[in-house]
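Raw my_file.tsv, TSV, C-alpha atoms:
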chain	number	residue	atom	x	y	z
A	1	MET	CA	60.10	64.42	93.61
A	2	ALA	CA	61.40	67.26	91.44
A	3	VAL	CA	64.15	66.36	88.96
A	4	ASN	CA	67.16	68.66	88.69
A	5	LEU	CA	69.89	67.64	86.24
A	6	LYS	CA	71.71	70.98	86.05
A	7	GLY	CA	75.48	70.50	85.97
A	8	ARG	CA	75.23	66.77	85.26
A	9	SER	CA	77.07	65.05	82.42
A	10	PHE	CA	75.23	62.69	80.08
A	11	LEU	CA	77.64	59.81	79.47
A	12	THR	CA	75.37	56.74	79.70
A	13	LEU	CA	71.79	56.03	80.68
A	14	MET	CA	73.18	53.80	83.42
A	15	ASP	CA	74.02	57.00	85.34
A	16	PHE	CA	70.36	58.06	85.44
A	17	THR	CA	67.30	56.87	87.31
A	18	THR	CA	64.07	55.82	85.65
A	19	GLU	CA	62.49	59.06	86.85
A	20	GLU	CA	65.30	61.18	85.39
A	21	ILE	CA	65.03	59.47	82.00
A	22	ARG	CA	61.26	59.97	82.14
A	23	TYR	CA	61.87	63.67	82.79
A	24	LEU	CA	64.14	63.94	79.74
A	25	LEU	CA	61.55	62.25	77.52
A	26	ASP	CA	58.79	64.55	78.76
A	27	LEU	CA	61.00	67.59	78.25
A	28	SER	CA	61.82	66.37	74.73
A	29	ARG	CA	58.14	66.15	73.90
A	30	ASP	CA	57.55	69.65	75.27
A	31	LEU	CA	60.45	71.17	73.33
A	32	LYS	CA	59.33	69.41	70.14
A	33	ALA	CA	55.84	70.88	70.49
A	34	LYS	CA	57.30	74.34	71.09
A	35	LYS	CA	59.55	74.10	68.04
A	36	ARG	CA	56.60	73.16	65.85
A	37	ALA	CA	54.72	76.14	67.26
A	38	GLY	CA	57.67	78.39	66.46
A	39	ILE	CA	58.53	78.97	70.11
A	40	HIS	CA	62.18	79.17	71.19
A	41	ASN	CA	62.78	80.31	74.76
A	42	GLU	CA	66.53	80.84	74.20
A	43	VAL	CA	67.25	79.40	77.64
A	44	LEU	CA	70.87	78.88	76.55
A	45	LYS	CA	71.48	82.49	75.56
A	46	GLY	CA	75.02	83.53	76.45
A	47	LYS	CA	76.20	79.89	76.70
A	48	ASN	CA	79.02	78.41	74.63
A	49	VAL	CA	79.27	74.78	73.53
A	50	VAL	CA	82.10	72.89	71.82
A	51	LEU	CA	81.50	69.76	69.74
A	52	LEU	CA	84.43	67.32	69.57
A	53	PHE	CA	84.08	64.84	66.69
A	54	GLU	CA	86.60	62.05	66.15
A	55	LYS	CA	83.95	60.16	64.15
A	56	THR	CA	81.96	61.71	61.34
A	57	SER	CA	78.24	62.24	61.64
A	58	THR	CA	75.14	63.69	60.01
A	59	ARG	CA	72.35	63.43	62.58
A	60	THR	CA	74.44	63.91	65.73
A	61	ARG	CA	76.28	67.00	64.53
A	62	CYS	CA	73.19	68.65	63.02
A	63	SER	CA	71.11	67.85	66.11
A	64	PHE	CA	73.61	69.32	68.56
A	65	GLU	CA	74.24	72.42	66.45
A	66	LEU	CA	70.55	73.16	65.87
A	67	ALA	CA	69.58	72.38	69.45
A	68	CYS	CA	72.15	74.87	70.73
A	69	LEU	CA	71.48	77.58	68.16
A	70	GLU	CA	67.69	77.45	68.53
A	71	GLU	CA	68.00	77.98	72.27
A	72	GLY	CA	70.54	80.79	71.95
A	73	ALA	CA	73.91	79.11	72.51
A	74	HIS	CA	77.03	79.60	70.40
A	75	VAL	CA	78.66	76.47	68.91
A	76	THR	CA	82.27	75.63	68.02
A	77	PHE	CA	82.89	72.47	65.99
A	78	LEU	CA	86.25	70.66	66.19
A	79	ASP	CA	87.07	67.47	64.31
A	80	SER	CA	90.19	65.36	64.80
A	81	LYS	CA	92.12	67.53	62.33
A	82	SER	CA	91.23	70.74	64.16
A	83	SER	CA	92.27	69.77	67.68
A	84	GLN	CA	95.55	68.86	69.38
A	85	MET	CA	93.74	66.58	71.87
A	86	GLY	CA	95.73	63.40	72.32
A	87	LYS	CA	98.40	64.50	69.82
A	88	LYS	CA	100.34	67.51	71.12
A	89	GLU	CA	98.21	67.94	74.21
A	90	SER	CA	96.98	65.41	76.74
A	91	LEU	CA	93.29	64.72	77.11
A	92	GLU	CA	93.38	66.08	80.66
A	93	ASP	CA	94.99	69.35	79.58
A	94	THR	CA	92.53	69.74	76.70
A	95	ALA	CA	89.58	69.12	79.00
A	96	ARG	CA	90.80	71.68	81.53
A	97	VAL	CA	91.27	74.31	78.80
A	98	LEU	CA	87.90	73.67	77.16
A	99	GLY	CA	86.21	73.79	80.56
A	100	ARG	CA	87.55	77.35	80.96
A	101	PHE	CA	86.21	78.39	77.54
A	102	TYR	CA	82.91	76.53	77.28
A	103	ASP	CA	79.78	75.81	79.30
A	104	GLY	CA	79.30	72.36	77.79
A	105	ILE	CA	81.23	69.78	75.76
A	106	GLU	CA	79.94	67.12	73.36
A	107	TYR	CA	82.17	64.20	72.31
A	108	ARG	CA	81.64	61.67	69.51
A	109	GLY	CA	84.39	59.13	69.01
A	110	TYR	CA	85.77	55.79	70.04
A	111	ASP	CA	86.77	55.12	73.64
A	112	GLN	CA	84.20	55.61	76.40
A	113	LYS	CA	87.05	56.58	78.73
A	114	VAL	CA	87.62	59.72	76.63
A	115	VAL	CA	84.14	61.07	77.31
A	116	GLU	CA	84.46	60.04	80.97
A	117	ASP	CA	87.80	61.87	81.31
A	118	LEU	CA	86.41	64.97	79.61
A	119	ALA	CA	83.72	65.03	82.28
A	120	LYS	CA	86.24	64.32	85.04
A	121	TYR	CA	88.63	67.15	84.19
A	122	SER	CA	86.60	69.86	82.42
A	123	GLY	CA	84.27	70.88	85.26
A	124	VAL	CA	81.33	71.39	82.86
A	125	PRO	CA	78.57	69.09	81.56
A	126	VAL	CA	79.82	66.63	78.94
A	127	TRP	CA	77.47	64.79	76.54
A	128	ASN	CA	78.16	61.46	74.86
A	129	GLY	CA	77.37	61.74	71.14
A	130	LEU	CA	78.53	58.13	70.54
A	131	THR	CA	81.36	55.86	71.62
A	132	ASP	CA	82.25	52.29	70.71
A	133	VAL	CA	80.21	50.97	73.65
A	134	ASP	CA	77.29	53.38	74.03
A	135	HIS	CA	74.97	55.80	72.26
A	136	PRO	CA	72.65	57.25	74.91
A	137	THR	CA	71.24	60.21	72.96
A	138	GLN	CA	70.09	57.80	70.25
A	139	ILE	CA	68.16	55.69	72.77
A	140	LEU	CA	66.28	58.75	74.04
A	141	ALA	CA	65.23	59.52	70.46
A	142	ASP	CA	64.18	55.91	69.94
A	143	MET	CA	62.08	55.87	73.10
A	144	LEU	CA	60.38	59.14	72.19
A	145	THR	CA	59.56	57.65	68.77
A	146	MET	CA	58.11	54.57	70.41
A	147	GLU	CA	55.88	56.67	72.65
A	148	GLU	CA	54.60	58.55	69.62
A	149	HIS	CA	53.64	55.39	67.74
A	150	ILE	CA	52.88	52.68	70.33
A	151	ALA	CA	49.75	52.96	72.44
A	152	LYS	CA	51.16	51.47	75.63
A	153	PRO	CA	53.79	52.49	78.17
A	154	LEU	CA	57.45	51.72	77.63
A	155	ASN	CA	57.53	49.20	80.49
A	156	LYS	CA	55.03	47.08	78.55
A	157	CYS	CA	57.13	47.11	75.36
A	158	LYS	CA	59.56	44.58	73.89
A	159	VAL	CA	62.58	45.64	71.81
A	160	VAL	CA	64.59	43.18	69.71
A	161	PHE	CA	68.02	44.17	68.41
A	162	CYS	CA	69.04	42.04	65.42
A	163	GLY	CA	72.52	41.40	64.04
A	164	ASP	CA	75.84	42.32	65.62
A	165	ILE	CA	74.71	42.12	69.24
A	166	ARG	CA	78.12	43.23	70.54
A	167	ASN	CA	77.92	46.71	69.05
A	168	ASN	CA	77.25	50.00	70.81
A	169	MET	CA	73.57	50.17	69.86
A	170	SER	CA	72.89	46.73	71.29
A	171	TYR	CA	74.53	47.68	74.59
A	172	ALA	CA	72.86	51.09	74.63
A	173	TRP	CA	69.47	49.44	74.20
A	174	MET	CA	70.23	47.03	77.03
A	175	TYR	CA	70.93	49.99	79.30
A	176	GLY	CA	67.79	51.83	78.23
A	177	CYS	CA	65.50	48.84	78.54
A	178	ALA	CA	66.91	47.88	81.93
A	179	LYS	CA	66.37	51.40	83.28
A	180	MET	CA	62.83	51.73	81.91
A	181	GLY	CA	61.60	48.25	82.83
A	182	MET	CA	61.33	47.03	79.24
A	183	ASP	CA	61.88	43.63	77.66
A	184	PHE	CA	65.06	43.47	75.57
A	185	VAL	CA	66.26	40.71	73.26
A	186	ALA	CA	69.68	40.63	71.62
A	187	TYR	CA	69.00	38.41	68.59
A	188	GLY	CA	72.20	37.35	66.88
A	189	PRO	CA	74.78	34.60	66.33
A	190	ASP	CA	75.86	32.46	69.27
A	191	VAL	CA	79.51	33.18	68.49
A	192	LEU	CA	78.88	36.90	69.05
A	193	ALA	CA	76.81	36.23	72.17
A	194	ALA	CA	79.85	34.51	73.65
A	195	GLU	CA	81.89	37.67	73.02
A	196	MET	CA	79.49	40.05	74.79
A	197	ASP	CA	80.93	41.74	77.86
A	198	LYS	CA	79.85	39.62	80.82
A	199	GLU	CA	80.53	42.33	83.41
A	200	THR	CA	78.27	44.74	81.54
A	201	ILE	CA	75.50	42.18	81.23
A	202	ALA	CA	75.73	41.45	84.96
A	203	LYS	CA	75.31	45.17	85.75
A	204	VAL	CA	72.35	45.45	83.39
A	205	GLU	CA	70.65	42.36	84.83
A	206	LYS	CA	71.03	43.81	88.34
A	207	VAL	CA	69.18	46.96	87.26
A	208	ALA	CA	66.60	44.87	85.40
A	209	LYS	CA	65.70	43.04	88.60
A	210	GLU	CA	64.91	46.36	90.24
A	211	THR	CA	62.76	47.71	87.37
A	212	GLY	CA	61.06	44.52	86.16
A	213	ALA	CA	62.91	44.50	82.84
A	214	THR	CA	64.04	41.30	81.12
A	215	ILE	CA	67.32	40.89	79.23
A	216	THR	CA	67.56	37.96	76.80
A	217	VAL	CA	70.29	36.88	74.38
A	218	SER	CA	69.21	34.41	71.73
A	219	SER	CA	69.96	33.06	68.25
A	220	ASP	CA	66.49	31.51	67.93
A	221	VAL	CA	64.06	33.42	65.71
A	222	SER	CA	61.24	32.59	68.11
A	223	ALA	CA	62.76	35.23	70.41
A	224	VAL	CA	61.32	37.99	68.21
A	225	LYS	CA	57.73	36.92	68.85
A	226	GLY	CA	55.68	39.66	70.48
A	227	ALA	CA	58.18	42.40	69.65
A	228	ASP	CA	56.97	45.99	69.54
A	229	VAL	CA	60.21	47.15	67.93
A	230	ILE	CA	62.67	45.43	65.62
A	231	TYR	CA	65.97	47.31	65.59
A	232	THR	CA	69.19	46.82	63.66
A	233	ASP	CA	72.42	48.57	62.67
A	234	VAL	CA	74.95	48.34	59.85
A	235	TRP	CA	77.15	45.26	59.74
A	236	ALA	CA	80.29	47.10	58.65
A	237	SER	CA	81.29	50.75	58.72
A	238	MET	CA	83.77	52.66	56.58
A	239	GLY	CA	87.25	51.35	57.30
A	240	GLU	CA	86.00	47.83	58.05
A	241	GLU	CA	85.80	46.63	54.44
A	242	ASP	CA	88.25	43.81	55.14
A	243	GLN	CA	85.75	42.29	57.57
A	244	ILE	CA	82.78	42.33	55.19
A	245	PRO	CA	83.00	38.77	53.78
A	246	GLU	CA	83.04	37.27	57.28
A	247	ARG	CA	80.32	39.60	58.60
A	248	VAL	CA	77.97	39.00	55.68
A	249	LYS	CA	78.24	35.24	56.11
A	250	LEU	CA	77.70	35.48	59.87
A	251	LEU	CA	74.91	38.07	59.95
A	252	THR	CA	72.81	37.43	56.83
A	253	PRO	CA	70.57	34.97	58.76
A	254	PHE	CA	69.71	37.89	61.07
A	255	LYS	CA	68.86	40.40	58.34
A	256	VAL	CA	65.60	42.26	58.93
A	257	THR	CA	63.19	41.04	56.27
A	258	LYS	CA	59.42	41.04	55.90
A	259	GLU	CA	59.48	37.41	57.02
A	260	LEU	CA	61.27	38.41	60.23
A	261	MET	CA	58.80	41.23	60.84
A	262	ASP	CA	55.92	38.78	60.31
A	263	SER	CA	57.53	36.40	62.82
A	264	THR	CA	56.83	38.92	65.57
A	265	GLY	CA	53.13	38.19	65.22
A	266	ASN	CA	52.55	41.92	65.65
A	267	PRO	CA	51.34	43.65	62.45
A	268	ASP	CA	52.08	47.02	64.06
A	269	CYS	CA	55.64	46.18	65.11
A	270	LEU	CA	57.88	49.18	64.41
A	271	PHE	CA	61.12	49.01	62.48
A	272	LEU	CA	63.74	51.42	63.85
A	273	HIS	CA	67.35	52.11	62.87
A	274	CYS	CA	69.92	54.63	64.12
A	275	LEU	CA	71.00	55.39	60.51
A	276	PRO	CA	72.79	55.48	58.18
A	277	SER	CA	71.43	52.24	56.76
A	278	PHE	CA	72.34	49.90	53.93
A	279	HIS	CA	68.83	49.03	52.73
A	280	ASP	CA	69.39	49.36	48.96
A	281	PHE	CA	72.34	49.65	46.57
A	282	GLU	CA	72.33	53.43	46.16
A	283	THR	CA	75.48	54.04	48.22
A	284	ASP	CA	79.04	53.70	46.96
A	285	MET	CA	79.92	51.11	49.59
A	286	ALA	CA	76.88	48.91	48.91
A	287	LYS	CA	77.49	49.07	45.14
A	288	GLN	CA	81.18	48.21	45.48
A	289	GLN	CA	80.48	45.26	47.74
A	290	LYS	CA	77.68	43.99	45.50
A	291	GLU	CA	80.14	43.92	42.60
A	292	LEU	CA	82.40	41.81	44.80
A	293	GLY	CA	79.50	39.43	45.50
A	294	TYR	CA	78.49	40.66	48.95
A	295	ASP	CA	75.05	41.92	49.97
A	296	ILE	CA	75.78	44.10	53.01
A	297	ARG	CA	72.17	45.21	53.56
A	298	GLU	CA	71.17	44.68	57.19
A	299	VAL	CA	67.52	45.37	56.28
A	300	THR	CA	65.61	44.96	53.05
A	301	ASP	CA	64.31	47.99	51.20
A	302	GLU	CA	60.82	46.52	51.53
A	303	VAL	CA	60.95	46.80	55.33
A	304	PHE	CA	62.87	50.09	55.38
A	305	ARG	CA	60.19	51.81	53.27
A	306	SER	CA	57.21	50.05	54.83
A	307	ARG	CA	54.48	51.64	56.97
A	308	ASN	CA	56.11	50.00	60.00
A	309	SER	CA	59.32	51.92	59.47
A	310	LYS	CA	59.59	55.10	61.53
A	311	VAL	CA	63.28	55.76	60.91
A	312	PHE	CA	62.83	59.34	59.76
A	313	ASP	CA	60.56	60.26	62.68
A	314	GLU	CA	63.28	58.71	64.82
A	315	ALA	CA	66.01	60.76	63.08
A	316	GLU	CA	64.08	63.98	63.67
A	317	ASN	CA	63.68	63.09	67.33
A	318	ARG	CA	67.47	63.11	67.74
A	319	MET	CA	67.30	66.90	67.66
A	320	HIS	CA	64.47	67.21	70.19
A	321	THR	CA	65.94	64.75	72.69
A	322	ILE	CA	69.45	66.19	72.38
A	323	LYS	CA	67.99	69.65	72.99
A	324	ALA	CA	66.31	68.30	76.11
A	325	VAL	CA	69.61	66.89	77.41
A	326	ILE	CA	71.44	70.17	76.82
A	327	VAL	CA	68.69	72.34	78.31
A	328	ALA	CA	68.30	70.08	81.36
A	329	THR	CA	72.00	69.87	82.16
A	330	MET	CA	73.26	73.30	81.08
A	331	GLY	CA	70.21	75.62	80.99

Encoded form (structure tokens):
Amino acid sequence: MAVNLKGRSFLTLMDFTTEEIRYLLDLSRDLKAKKRAGIHNEVLKGKNVVLLFEKTSTRTRCSFELACLEEGAHVTFLDSKSSQMGKKESLEDTARVLGRFYDGIEYRGYDQKVVEDLAKYSGVPVWNGLTDVDHPTQILADMLTMEEHIAKPLNKCKVVFCGDIRNNMSYAWMYGCAKMGMDFVAYGPDVLAAEMDKETIAKVEKVAKETGATITVSSDVSAVKGADVIYTDVWASMGEEDQIPERVKLLTPFKVTKELMDSTGNPDCLFLHCLPSFHDFETDMAKQQKELGYDIREVTDEVFRSRNSKVFDEAENRMHTIKAVIVATMG
């Protein structure tokens, strides 16, 4: 059956079928090959896109801007200081105005309801560049990276997310694995497992039953055995410094180390990370916390720079998969 996503918003992978996600991955691969061959079809020529950023970004902003520009679209960037959304103008009013100006809207921020309301009121495709509970464009990039480096189909792969299993990347991976029939393990502290959203897990497990996926939450290191991918994310972001002592104590046992990678029993297990990463002490935040006696590295430098690490291939693939989402929904 032909897949047609034109006019659709991209808010969460839970809104898409396995076949539709497969289509986006195949399109990503095709667009990546064309870019490397110097081919740009400019299928978005004459289109206008606005990027709304309440959270800062490197990869997401650059990926959306380049994806649009390379295919002919014009881009407007608005951060929280440049927009009246939610301050002097309601979200609904802002969405209705932007929908009159633009052919597509990207949002990166906090509340998932914001991106949902933008889609509800704007009348144009809206793309989720990250919220506190989801990061669907990142998962597409991760899956494309897996297909480039693992010689078996996604539905035969096992992904283990280590650390703060309540965060948006852990949930996003649950959605992706459930939809694509993959095995997913959230490997982290029991106290955090108890805080995971039970309604969300129930929805994911329902999808998993239909696709053959498995969803496991565990604090036992044996759960990583057989993993094809070990994944993690930072323990604390800027603005969360007050939580660092507690987080370091809680999450250090789940740091990605060579020993953890070896525990998978798979010498070719990939290490992936959405970035940015604290893997050494070359950032201001890591240095400051080290001076205070806290090692905030969620992964060791040894693993981050190892042959198993494909984090920069993964970062590049953000651009190709984001381009695929834009082209498919707005082209």

Residue nearest Ser263 in chain A - candidates A:Ala193, A:Ser222, A:Leu24, A:Gln243, atoms counted: all atoms listed in the file:
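Using all atoms listed in the file, Ser263 in chain A sits closest to A:Ser222.
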
By how many Å are CA of Pro153 in chain A and CA of Thr12 in chain A apart?
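Interatomic distance here is 22.0 Å.
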
Give me, as a Markdown table, each residue of range 2-79 of chain A that comes within 9 Å of range 159-181 of chain A, together with its shortest interatomic pair and the distance in Å at one decimal, counting all atoms listed in the file, with rows ordered by chain and rising residue number.
| residue | atom | partner | partner_atom | distance |
| --- | --- | --- | --- | --- |
| A:Thr12 | CA | A:Ala172 | CA | 8.0 |
| A:Leu13 | CA | A:Tyr175 | CA | 6.3 |
| A:Met14 | CA | A:Tyr175 | CA | 6.0 |
| A:Phe16 | CA | A:Lys179 | CA | 8.1 |
| A:Thr17 | CA | A:Lys179 | CA | 6.9 |
| A:Thr18 | CA | A:Lys179 | CA | 5.5 |
| A:Glu19 | CA | A:Met180 | CA | 8.8 |
| A:Ile21 | CA | A:Met180 | CA | 8.0 |
| A:Arg22 | CA | A:Met180 | CA | 8.4 |

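Take the candidates A:Val50, A:Cys62, A:Ile139, A:Leu144 and check each one against Gly99 in chain A using only C-alpha atoms; the shortest distance goes to A:Val50.
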
Expected answer as number ranges by chain: all residues with atoms within 10 Å of (67.7, 61.5, 70.0), only C-alpha atoms:
A: 25, 28, 59-60, 63-64, 129, 135-145, 274, 314-325

Which residue out of A:Arg29, A:Lys156, A:Lys88, A:Lys55 has the minimum interatomic distance to Gly212 in chain A when only C-alpha atoms are used?
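Looking at the shortest contact to Gly212 in chain A, the residue is A:Lys156.
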
List as a PyMOL selection string: which residues have an atom within 12 Å of (66.1, 54.5, 59.4), counting all atoms listed in the file?
chain A and resi 59+142+145+230-234+270-279+298-301+303-306+308-317

Using all atoms listed in the file, determine which residues lie at most 12 Å from range 78-83 of chain A, disregarding the query and same-chain residues fewer than 5 positions distant; provide the list as an NGL selection string.
:A and (49-57 or 61 or 88-91 or 94-95 or 98 or 105-110)

Extending 8 Å beyond the listed atoms of range 129-140 of chain A on each side, what axis-aligned box results? I want centre and edge lengths in Å to one decimal, as JSON.
{"center_x": 74.3, "center_y": 56.4, "center_z": 72.6, "size_x": 32.0, "size_y": 26.8, "size_z": 20.7}

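Minimum distance to Met182 in chain A across A:Ala227, A:Val327, A:Val75, A:Leu130 (counting all atoms listed in the file) occurs at A:Ala227.
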
Between CA of Val229 in chain A and CA of Lys158 in chain A, measure the distance and give it in Å to one decimal.
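Distance between the two atoms: 6.5 Å.
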